>>> print(open('coords-v2.txt').read())   # compact mmCIF, C-alpha atoms
# COMPACT_ATOMS: atom_id res chain seq x y z
CA MET A 1 -9.45 -35.96 24.24
CA PHE A 2 -8.74 -32.33 24.82
CA LYS A 3 -9.98 -29.79 22.32
CA PHE A 4 -7.64 -26.85 22.14
CA LEU A 5 -9.35 -23.52 21.61
CA LYS A 6 -8.14 -21.88 18.43
CA ASN A 7 -7.57 -18.17 18.28
CA ASN A 8 -10.77 -17.08 16.57
CA LYS A 9 -10.50 -13.46 17.62
CA GLU A 10 -12.00 -11.09 15.10
CA TYR A 11 -10.43 -7.72 14.45
CA ILE A 12 -12.10 -4.73 12.89
CA ILE A 13 -10.56 -2.64 10.15
CA ALA A 14 -12.47 0.60 10.41
CA ALA A 15 -13.75 2.69 7.52
CA PRO A 16 -11.25 5.54 7.09
CA CYS A 17 -13.95 8.05 6.11
CA ASN A 18 -17.69 8.35 5.48
CA GLY A 19 -18.78 6.66 2.29
CA LYS A 20 -19.75 3.42 0.61
CA ILE A 21 -17.70 0.28 1.19
CA VAL A 22 -17.26 -1.99 -1.83
CA GLY A 23 -15.20 -5.08 -2.61
CA ILE A 24 -11.58 -4.53 -3.66
CA GLU A 25 -12.35 -6.25 -6.97
CA GLU A 26 -14.63 -3.31 -7.84
CA VAL A 27 -11.73 -0.84 -7.92
CA PRO A 28 -11.27 0.27 -11.57
CA ASP A 29 -7.54 -0.45 -11.55
CA PRO A 30 -6.14 -4.00 -11.87
CA VAL A 31 -3.27 -3.14 -9.53
CA PHE A 32 -5.85 -3.15 -6.72
CA ALA A 33 -8.74 -5.15 -8.21
CA GLU A 34 -6.52 -8.15 -8.95
CA LYS A 35 -5.07 -7.97 -5.42
CA MET A 36 -1.56 -7.28 -6.71
CA VAL A 37 -0.94 -4.87 -3.82
CA GLY A 38 -2.87 -7.04 -1.34
CA ASP A 39 -6.37 -7.89 -0.13
CA GLY A 40 -8.91 -5.66 1.60
CA PHE A 41 -11.73 -3.37 0.59
CA ALA A 42 -12.34 0.01 -0.95
CA ILE A 43 -14.45 2.98 0.02
CA ILE A 44 -16.09 5.56 -2.23
CA PRO A 45 -15.58 8.58 0.03
CA SER A 46 -18.23 11.12 0.94
CA SER A 47 -15.98 12.98 3.36
CA LYS A 48 -12.47 14.34 2.83
CA ASP A 49 -10.65 13.38 6.02
CA ILE A 50 -8.87 10.02 6.03
CA LEU A 51 -8.77 8.52 9.53
CA SER A 52 -6.73 5.58 10.74
CA PRO A 53 -8.50 2.23 10.24
CA VAL A 54 -6.44 0.54 12.98
CA ASP A 55 -4.39 1.05 16.14
CA GLY A 56 -0.72 0.95 15.27
CA GLU A 57 2.09 2.95 13.76
CA VAL A 58 2.77 5.01 10.63
CA ILE A 59 5.43 3.22 8.57
CA GLN A 60 5.68 5.53 5.59
CA ILE A 61 3.86 8.42 3.99
CA PHE A 62 4.08 8.94 0.24
CA PRO A 63 5.81 12.29 -0.45
CA THR A 64 2.75 13.39 -2.47
CA HIS A 65 0.53 12.62 0.58
CA HIS A 66 -1.98 10.58 -1.40
CA ALA A 67 -1.18 7.27 0.33
CA ILE A 68 0.04 6.04 3.69
CA CYS A 69 1.55 2.77 4.98
CA LEU A 70 0.56 1.59 8.45
CA LYS A 71 1.34 -1.35 10.67
CA SER A 72 -1.39 -2.41 13.08
CA VAL A 73 -0.71 -3.65 16.62
CA ASP A 74 -1.90 -7.08 15.42
CA GLY A 75 0.76 -7.20 12.70
CA LEU A 76 -1.28 -6.17 9.66
CA GLU A 77 0.57 -4.06 7.11
CA ILE A 78 -1.96 -1.73 5.53
CA ILE A 79 -1.86 0.80 2.72
CA VAL A 80 -4.60 3.41 2.43
CA HIS A 81 -4.42 4.86 -1.08
CA ILE A 82 -6.63 7.87 -1.79
CA GLY A 83 -8.01 7.62 -5.31
CA ILE A 84 -6.70 6.00 -8.49
CA ASP A 85 -3.58 7.36 -10.25
CA THR A 86 -3.61 10.25 -7.79
CA VAL A 87 0.20 10.19 -7.63
CA GLU A 88 -0.09 12.20 -10.87
CA LEU A 89 -1.60 15.12 -8.94
CA LYS A 90 1.82 15.56 -7.30
CA GLY A 91 0.33 16.40 -3.94
CA GLN A 92 -2.22 18.99 -5.09
CA GLY A 93 -4.96 19.24 -2.48
CA PHE A 94 -3.50 16.53 -0.22
CA ILE A 95 -2.59 17.41 3.34
CA CYS A 96 -0.66 15.24 5.77
CA HIS A 97 -1.68 15.40 9.43
CA THR A 98 0.70 12.83 10.89
CA SER A 99 4.33 11.75 10.65
CA VAL A 100 6.42 8.65 10.04
CA GLY A 101 6.83 6.67 13.25
CA ALA A 102 3.77 8.21 14.91
CA SER A 103 1.66 5.94 17.12
CA ILE A 104 -1.92 6.04 15.94
CA SER A 105 -5.30 4.94 17.23
CA THR A 106 -8.34 4.00 15.18
CA GLY A 107 -9.99 7.24 14.09
CA ASP A 108 -6.89 9.46 14.25
CA LEU A 109 -6.67 11.94 11.37
CA LEU A 110 -3.94 10.86 8.91
CA LEU A 111 -4.47 12.64 5.59
CA SER A 112 -7.05 14.81 3.91
CA PHE A 113 -7.78 15.59 0.28
CA THR A 114 -9.76 18.06 -1.82
CA PRO A 115 -12.51 16.22 -3.73
CA GLU A 116 -12.93 19.07 -6.24
CA ILE A 117 -9.28 18.81 -7.33
CA LEU A 118 -9.65 15.08 -7.99
CA GLU A 119 -12.84 15.73 -9.91
CA VAL A 120 -11.43 18.52 -12.06
CA ASN A 121 -8.48 16.28 -12.95
CA GLY A 122 -10.64 13.28 -13.75
CA LYS A 123 -9.30 11.17 -10.86
CA ASN A 124 -11.59 8.54 -9.33
CA PRO A 125 -11.62 9.12 -5.54
CA ILE A 126 -12.31 5.44 -4.70
CA THR A 127 -9.92 4.64 -1.85
CA PRO A 128 -8.53 1.11 -1.41
CA VAL A 129 -7.64 -0.05 2.10
CA VAL A 130 -5.27 -2.92 1.42
CA ILE A 131 -3.53 -5.46 3.63
CA THR A 132 -0.19 -6.19 1.98
CA ASN A 133 0.79 -9.16 4.19
CA LYS A 134 -2.35 -11.09 3.33
CA GLU A 135 -0.59 -14.40 4.08
CA ILE A 136 -1.42 -13.88 7.77
CA ILE A 137 -5.15 -13.50 7.09
CA LYS A 138 -7.43 -16.44 7.88
CA SER A 139 -10.67 -14.71 6.88
CA LEU A 140 -11.69 -11.29 5.60
CA ASP A 141 -15.34 -10.26 5.70
CA VAL A 142 -15.98 -6.93 3.97
CA GLN A 143 -18.91 -4.95 5.42
CA LYS A 144 -20.32 -3.58 2.17
CA GLY A 145 -22.65 -0.62 2.17
CA THR A 146 -22.86 2.94 3.42
CA VAL A 147 -20.82 3.65 6.56
CA ASN A 148 -19.62 6.45 8.74
CA ALA A 149 -15.92 6.81 9.44
CA LYS A 150 -14.68 4.56 12.25
CA GLU A 151 -17.46 2.02 11.74
CA ALA A 152 -16.44 -1.47 10.64
CA GLY A 153 -15.10 -1.67 7.08
CA ALA A 154 -14.04 -5.28 7.33
CA LYS A 155 -13.90 -8.01 9.95
CA ILE A 156 -10.75 -10.05 9.87
CA SER A 157 -9.31 -13.07 11.64
CA LEU A 158 -5.67 -14.08 11.54
CA LEU A 159 -3.86 -17.41 11.25
CA MET B 1 24.95 -5.98 -8.46
CA ARG B 2 23.75 -3.26 -10.81
CA GLU B 3 23.01 0.39 -10.29
CA VAL B 4 20.10 2.09 -11.96
CA ILE B 5 18.73 5.61 -11.95
CA ILE B 6 14.95 5.81 -11.67
CA LYS B 7 13.78 7.81 -14.64
CA ASN B 8 10.05 8.17 -14.13
CA GLN B 9 9.15 11.27 -12.16
CA THR B 10 6.54 9.55 -10.00
CA GLY B 11 9.02 6.92 -8.84
CA LEU B 12 8.00 3.56 -7.41
CA HIS B 13 4.37 4.18 -6.51
CA ALA B 14 1.66 1.51 -6.23
CA ARG B 15 1.55 0.42 -9.87
CA PRO B 16 5.28 -0.02 -10.63
CA ALA B 17 5.93 -1.33 -7.08
CA SER B 18 3.38 -4.11 -7.52
CA GLN B 19 4.76 -4.91 -11.01
CA LEU B 20 8.26 -5.04 -9.50
CA VAL B 21 7.15 -7.49 -6.80
CA MET B 22 5.53 -9.72 -9.45
CA GLU B 23 8.74 -9.66 -11.50
CA CYS B 24 10.86 -10.50 -8.41
CA LYS B 25 8.67 -13.43 -7.46
CA LYS B 26 9.71 -15.18 -10.68
CA PHE B 27 13.12 -15.73 -9.06
CA THR B 28 13.98 -17.85 -6.02
CA SER B 29 16.84 -15.56 -4.95
CA GLU B 30 16.49 -12.90 -2.28
CA ILE B 31 16.51 -9.55 -4.05
CA THR B 32 17.47 -6.31 -2.35
CA LEU B 33 17.17 -2.68 -3.41
CA THR B 34 19.57 -0.24 -1.77
CA ARG B 35 19.59 3.53 -1.78
CA GLY B 36 22.31 4.99 0.42
CA GLU B 37 21.86 3.36 3.82
CA ASN B 38 18.30 2.15 3.19
CA THR B 39 17.50 -1.32 1.94
CA ALA B 40 14.26 -2.92 0.86
CA ASN B 41 13.23 -6.51 0.26
CA ALA B 42 12.10 -6.31 -3.36
CA LYS B 43 9.56 -9.09 -2.84
CA SER B 44 7.67 -7.09 -0.22
CA ILE B 45 5.49 -4.30 -1.54
CA MET B 46 5.37 -2.64 1.86
CA SER B 47 9.18 -2.72 2.05
CA ILE B 48 9.48 -1.09 -1.39
CA MET B 49 6.83 1.54 -0.70
CA ALA B 50 8.40 2.29 2.68
CA MET B 51 11.53 3.36 0.82
CA ALA B 52 9.49 5.97 -1.11
CA ILE B 53 11.74 5.67 -4.17
CA MET B 54 11.40 8.78 -6.33
CA GLY B 55 12.45 9.85 -9.81
CA GLY B 56 16.18 10.61 -9.91
CA ASP B 57 17.06 8.16 -7.12
CA LYS B 58 20.09 5.94 -7.70
CA ILE B 59 19.21 2.39 -6.69
CA SER B 60 21.48 -0.66 -6.39
CA VAL B 61 19.92 -4.01 -7.22
CA SER B 62 21.54 -7.06 -5.64
CA ALA B 63 20.50 -10.66 -5.15
CA GLU B 64 21.53 -13.83 -3.34
CA GLY B 65 20.60 -17.28 -4.48
CA SER B 66 20.84 -19.75 -7.33
CA ASP B 67 19.35 -17.40 -9.94
CA ALA B 68 20.87 -14.21 -8.54
CA ASP B 69 22.54 -13.06 -11.76
CA ALA B 70 19.41 -13.48 -13.83
CA ALA B 71 17.35 -11.77 -11.12
CA VAL B 72 19.62 -8.72 -10.92
CA GLU B 73 19.63 -8.36 -14.71
CA SER B 74 15.87 -8.68 -14.99
CA ILE B 75 15.06 -6.32 -12.15
CA ALA B 76 17.60 -3.69 -13.20
CA THR B 77 16.18 -3.78 -16.73
CA PHE B 78 12.66 -3.46 -15.39
CA LEU B 79 13.55 -0.44 -13.24
CA GLU B 80 15.38 1.26 -16.11
CA SER B 81 12.40 0.82 -18.39
CA LEU B 82 9.94 2.61 -16.10
CA GLU B 83 8.56 5.76 -17.58
CA ASP B 84 5.68 8.08 -16.74
>>> encode(input="coords-v2.txt", output="structure tokens")
Amino acid sequence: MFKFLKNNKEYIIAAPCNGKIVGIEEVPDPVFAEKMVGDGFAIIPSSKDILSPVDGEVIQIFPTHHAICLKSVDGLEIIVHIGIDTVELKGQGFICHTSVGASISTGDLLLSFTPEILEVNGKNPITPVVITNKEIIKSLDVQKGTVNAKEAGAKISLL
Amino acid sequence: MREVIIKNQTGLHARPASQLVMECKKFTSEITLTRGENTANAKSIMSIMAMAIMGGDKISVSAEGSDADAAVESIATFLESLED
């Protein structure tokens, strides 16, 4: 009997900034916590530059620059969403450093924000990193705890 | 097919986009949003967000399938009811 080797390759989704990685269910917004947007993790940022968590391509950038849609080379569709209800800031303090269609590598600078502006406006800076096509995920292992940007945020294997 | 104008200033950001997807998944039909030349699969949150639909945008809602009429009506009503 032959045993066929399954594809058990693990991919890393990197932390997009310095901070503390927590489970997505800890995000104080049911849109993310109940995995309505997708599955993944969240980071409580301690730095203000948001770097790419994967190698891939920029699919879309929200006009207010508080969120970005990416597609990884492995086929993951990912949204990085800076803060909760930050669309209401209408772009204040958010800067975009990339463009739609750009090829990106893990660690490339995508967006940055101004923590003081979020604070003054009562916006929680917790940043979900969400895979929207979760049906291709076999396993997702969130690396909770304090991290530096570009270190592993989650380990993932695909079907 | 129905046309709606998005009234809420912040458009289809994460919250309304995810509510829209949940509403669409109640129907078996394929549901499409169109703005000018761009189309989005209304059951895919990435597809909707990639369209970056903003307040003031005129969107056509269309559907294909056994419950297409009900789907179009429901989705158009949902989009028209969005407010900030």
>>> interface_residues(input="coords-v2.txt", of="chain B", to="chain A", cutoff="10 Å", atoms="all atoms listed in the file", output="MDAnalysis selection string")
chainID B and resid 9:11 13:19 21:22 44:47 49:54 84
>>> write_last_selection(input="coords-v2.txt", atoms="C-alpha atoms", output="short mmCIF file (atom, residue, chain, number, x, y, z; two decimals), in the frame of the given file")
data_model
loop_
_atom_site.label_atom_id
_atom_site.label_comp_id
_atom_site.auth_asym_id
_atom_site.auth_seq_id
_atom_site.Cartn_x
_atom_site.Cartn_y
_atom_site.Cartn_z
CA GLN B 9 9.15 11.27 -12.16
CA THR B 10 6.54 9.55 -10.00
CA GLY B 11 9.02 6.92 -8.84
CA HIS B 13 4.37 4.18 -6.51
CA ALA B 14 1.66 1.51 -6.23
CA ARG B 15 1.55 0.42 -9.87
CA PRO B 16 5.28 -0.02 -10.63
CA ALA B 17 5.93 -1.33 -7.08
CA SER B 18 3.38 -4.11 -7.52
CA GLN B 19 4.76 -4.91 -11.01
CA VAL B 21 7.15 -7.49 -6.80
CA MET B 22 5.53 -9.72 -9.45
CA SER B 44 7.67 -7.09 -0.22
CA ILE B 45 5.49 -4.30 -1.54
CA MET B 46 5.37 -2.64 1.86
CA SER B 47 9.18 -2.72 2.05
CA MET B 49 6.83 1.54 -0.70
CA ALA B 50 8.40 2.29 2.68
CA MET B 51 11.53 3.36 0.82
CA ALA B 52 9.49 5.97 -1.11
CA ILE B 53 11.74 5.67 -4.17
CA MET B 54 11.40 8.78 -6.33
CA ASP B 84 5.68 8.08 -16.74
#
>>> residues_around(input="coords-v2.txt", residues="Asn8 of chain B", least_positions_apart="4", cutoff="10 Å", atoms="all atoms listed in the file", output="PDB file with C-alpha atoms, in the coordinates of the input")
ATOM      1  CA  LEU B  12       8.000   3.560  -7.410  1.00  0.00           C
ATOM      2  CA  MET B  54      11.400   8.780  -6.330  1.00  0.00           C
ATOM      3  CA  GLY B  55      12.450   9.850  -9.810  1.00  0.00           C
ATOM      4  CA  GLY B  56      16.180  10.610  -9.910  1.00  0.00           C
ATOM      5  CA  ASP B  57      17.060   8.160  -7.120  1.00  0.00           C
ATOM      6  CA  LEU B  79      13.550  -0.440 -13.240  1.00  0.00           C
ATOM      7  CA  GLU B  80      15.380   1.260 -16.110  1.00  0.00           C
ATOM      8  CA  SER B  81      12.400   0.820 -18.390  1.00  0.00           C
ATOM      9  CA  LEU B  82       9.940   2.610 -16.100  1.00  0.00           C
ATOM     10  CA  GLU B  83       8.560   5.760 -17.580  1.00  0.00           C
ATOM     11  CA  ASP B  84       5.680   8.080 -16.740  1.00  0.00           C
TER      12      ASP B  84
END
>>> residues_around(input="coords-v2.txt", residues="Leu33 of chain B", least_positions_apart="4", cutoff="8 Å", atoms="all atoms listed in the file", output="mmCIF file with C-alpha atoms, keeping the file's coordinate frame")
data_model
loop_
_atom_site.group_PDB
_atom_site.id
_atom_site.type_symbol
_atom_site.label_atom_id
_atom_site.label_comp_id
_atom_site.auth_asym_id
_atom_site.auth_seq_id
_atom_site.Cartn_x
_atom_site.Cartn_y
_atom_site.Cartn_z
ATOM 1 C CA THR B 39 17.500 -1.320 1.940
ATOM 2 C CA ALA B 40 14.260 -2.920 0.860
ATOM 3 C CA ASN B 41 13.230 -6.510 0.260
ATOM 4 C CA ALA B 42 12.100 -6.310 -3.360
ATOM 5 C CA ILE B 59 19.210 2.390 -6.690
ATOM 6 C CA SER B 60 21.480 -0.660 -6.390
ATOM 7 C CA VAL B 61 19.920 -4.010 -7.220
ATOM 8 C CA SER B 62 21.540 -7.060 -5.640
#
>>> residues_around(input="coords-v2.txt", residues="segment 104-110 of chain A", least_positions_apart="5", cutoff="10 Å", atoms="all atoms listed in the file", output="ChimeraX atom specification")
/A:12-17,49-58,61,65,67-68,70-73,80,95-99,149-151
>>> closest_residue(input="coords-v2.txt", among="A:Leu111, A:Ile137, A:Ile43, A:Val27", to="His66 of chain A", atoms="all atoms listed in the file")
A:Leu111
>>> closest_residue(input="coords-v2.txt", among="A:Asn18, A:Gly83, A:Asn148, A:Ile24", to="Asp39 of chain A", atoms="all atoms listed in the file")
A:Ile24
